[in-house]
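Trainee: Handing you this structure, nothing more for now.
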Amino acid sequence: MSEQQLQQPMIIARDVHKWYGDFHALRGINLEVQAGETVVIIGPSGSGKSTFIRTINRLEEHERGEIIVNGVTLSNDVRNIHDIREEIGMVFQSFNLFPHLTVIQNITLAPIWVRRWPKAKAEKVALELLERVRIPEQANKYPGQLSGGQQQRVAIARALAMQPKIMLFDEPTSALDPEMIKEVLDVMRELAQSGLTLICVTHEMGFAHEVANRVLFFDQGQIVEEGTPDHFFNNPQHERTIEFLSQILAH
Amino acid sequence: MPTSTSTTTPTAVPVQRPIAAAGPIHWLRNNLFRSWLDTLLTIFVGIVAVSLISRFFQWITSEAQWTVITSNFRVLMQGLYPIDQGWRLVVAVIVIVALAGISWGIWGHMFTSTTIMLVVGTFSVLIVSILGPTISDSTDLARYFRGEIVPLLEILRVPILILVLCLLLGYAIGQIAIVLAPHGAQRGAIIGWLLSIPVVFLLVRGLAPDTPGLPLVPTSIWGGLLLTFMMAFVAIVSCFPLGILLALGRSPGGTSPRQAPLPAFWFINFHQWYVVGTRWWRNLGPYPIFKLFCALYIEFFRGVPLITVFFTANLLVPFALGSTELDSVVRAMIALTLFEAAYIAEIVRGGLQALPPGQLEAAKALGLSPLHATLFITMPQALRTVIPALVGQFITMFKDTSLVAVVGLLDLLGIAQGVLAQQQFAGRQREMYVFVALVFFIFSFGMSRAAQQLERSGSGRLQFER
């Protein structure tokens, strides 16, 4: 079984469609992500990149096609969804920390109630994770007392505490001041090297170039172009990609 | 054009903010006499206020005759409850007030000003009522004071002393408990409140006519503040969980399905009726029947006056059950609970909707079940947001208990009116209604103060405070 799982891609999306009202947000996404791979998704706003990664842990339901994560097909079966969500960590643009809980409570909540770990173990893991994201001294503060960069690092630690196989980042640095972007990107860089499967929506081209195994370019709900960072940034083929990159890199 | 960039060295010493002009004269000019219209309004309101206050002061220092309160104090407090069983009421009050104090100590933080107010108020009542009789009758004022005010304070001092002592002791216990065992203390207090309903009810009502020590006191002879208090207490404690369940039942919405716009004149085509119907049903979300029931329940009880609900509970329920076993006080309590739960539900639903959607998304993404997400993430935050509205509703409930008069129950106000109807107390309306208003005010104000402190203290604090 493990043999088979090793060979099977971690995430398979086949012809994924999604509509908001009459708006066709995803128009047939096909993608395979191998275990341990780092995939960066870029594209103009409204191109469906956030929607797509939110279908992977079913925060959005896809309405046509098939998504298989870690060997489980996503459907309306509640048990499947819970199994999948335990294996996928997610980091949001707006952090979404729980403001009424301390940092350590934010991190230990899910391990205690979903993984059923004893509290002592959960707290030990949480402190190790805070060490890893370099803010061990903030454990007993409330999220409102931290800077944006610190909050986002707590959010990363919270997602990691479930020991997921996959991490999804939905524009993790877009809400941050320039000075704080680096501290979050440093943590993400370290994660990418640790062997987790990473899918990251971002506008940080430097980060994409350096860390990604593969870069996808989304436009109008489709993957317009994909390739290695070198190929993608130095030799883009599609005219939309060229236009987008020239706009991004111009300033 | 200069090509070099200019730089400014940050000043090492921060510059003082300019001091705004202050002082009483300045305050008066700014707040009361800013323009000619302000001046006019100030003078007008000042004249009205001074005349009202001086008239009231004159009344309370020379005219008011409080014998109507002192000679009816017991019946105002407990209705026709047997005098020799009065200790049961005292114990019940002690239990509830102590619980309130303990919860306050656990979840809130008493302001120094409140503590001082309580202690100084109690002491002044004690001292005046003890020293009062020794004042010589040299002046009219002193004579009036000795004859009318001191007896009133004498009758009030023991209840006030018991209330304040229990509250402060409970508060101290709560503060100690929260330090020693935070989780145990919170759980204990919640269990205590849940247990307190049946315990207090049984204590006050008794089980059977021949129970030794606790003979049955039928609710039909309850009255006065006892009835007001029991109605409000039982209804508040039981409508709260019911309201939360209703709010949860009504809140989940449908997932945004693909919805084509309807054609013009869709209602002409029968097939379009079917489309609209199924779309509406789908929009009710995952548990349509449950949601529909909650919505109907809430809209029904919010659309009906409380008096009608009391009447219905009193007249139709025994008719429907085919028996009159449920006595009228219990019927009224159930009616009030069902009625108020609808309002509580809408308040709590408001709190749930005010939450940023990211909170629930984050909880889902972590794999938390809907139950855990509600218990740990959405509900605590929603309840904190709506504390002011909730307490407002509880205060309304406390005051609404007076409406039980329509089904023949005599609460504090009902008893007061009964007393006033007697020949010997004719013309004492002012004293009586001032007293009744004061009693209602003390309890309502206490609730609102407690809520303010819950909001400002740690457990009421919501995000983004440094």
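If you're wondering about the labels, chains in the structure tokens are A, B, ... by order shown, residues count from 1 in each chain, ligands from 1 in order shown.
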Counting only C-alpha atoms, what is within 10 Å of Val97 (chain B), bar same-chain residues fewer than 2 positions away, as number ranges by chain?

Mentor: B: 91-95, 99-103, 162-171

Trainee: Residues near region 291-302 of chain B, anyone? I mean within 6 Å using only C-alpha atoms, not counting same-chain ones fewer than 2 positions away, as a list in words.

Mentor: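 My list of contacting residues is Leu246, Gly249, Arg250, Pro288, Ile289, Val304, Phe339 and Ala342 of chain B.
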
Trainee: Of the candidates B:Tyr144, B:Phe310, B:Phe445, B:Phe319, which shows the shortest atom-to-atom distance to Val404 (chain B), using only C-alpha atoms?

Mentor: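 Selected residue with least distance to Val404 (chain B): B:Phe310.
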
Trainee: Given only C-alpha atoms as the basis, pick out the residue of A:Ile29, A:Ile84, A:Val103, A:Leu127 nearest to chain B.

Mentor: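 Ranking A:Ile29, A:Ile84, A:Val103, A:Leu127 by distance to chain B, first place goes to A:Ile84.
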
Trainee: I want to know what sits within 8 Å of Thr38 (chain A), based on only C-alpha atoms, with residues of the same chain fewer than 3 positions away left out; could you give that as a list in words?

Mentor: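 After dropping sequence-adjacent residues, the list is Ala192, Leu196, Thr197, Leu198, Ile199, Cys200, Val211, Ala212, Asn213 and Arg214 of chain A.
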
Trainee: Taking C-alpha atoms for each residue, export the selection above as a CSV table (one decimal), in the first residue's frame.

Mentor:
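Contents of the output file again-v6.csv:
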```csv
chain,number,residue,atom,x,y,z
A,192,ALA,CA,9.9,23.8,1.1
A,196,LEU,CA,6.5,18.8,2.6
A,197,THR,CA,4.2,19.1,-0.4
A,198,LEU,CA,3.7,22.8,-0.9
A,199,ILE,CA,1.3,24.7,-3.1
A,200,CYS,CA,1.6,28.4,-2.8
A,211,VAL,CA,12.1,27.8,-4.2
A,212,ALA,CA,9.5,26.4,-6.7
A,213,ASN,CA,10.0,23.1,-8.5
A,214,ARG,CA,7.3,24.2,-10.8
```

Trainee: Excluding region 52-61 of chain A and any residue of its chain fewer than 3 positions from it, enumerate the residues within 9 Å of it, using only C-alpha atoms, and give them as an NGL selection string.

Mentor: (:A and (11 or 13 or 16 or 18 or 25-26 or 29 or 48-49 or 67-69 or 74-76 or 81 or 84-85 or 88-90 or 168-170 or 199-201 or 221)) or (:B and (255 or 361 or 364-365))
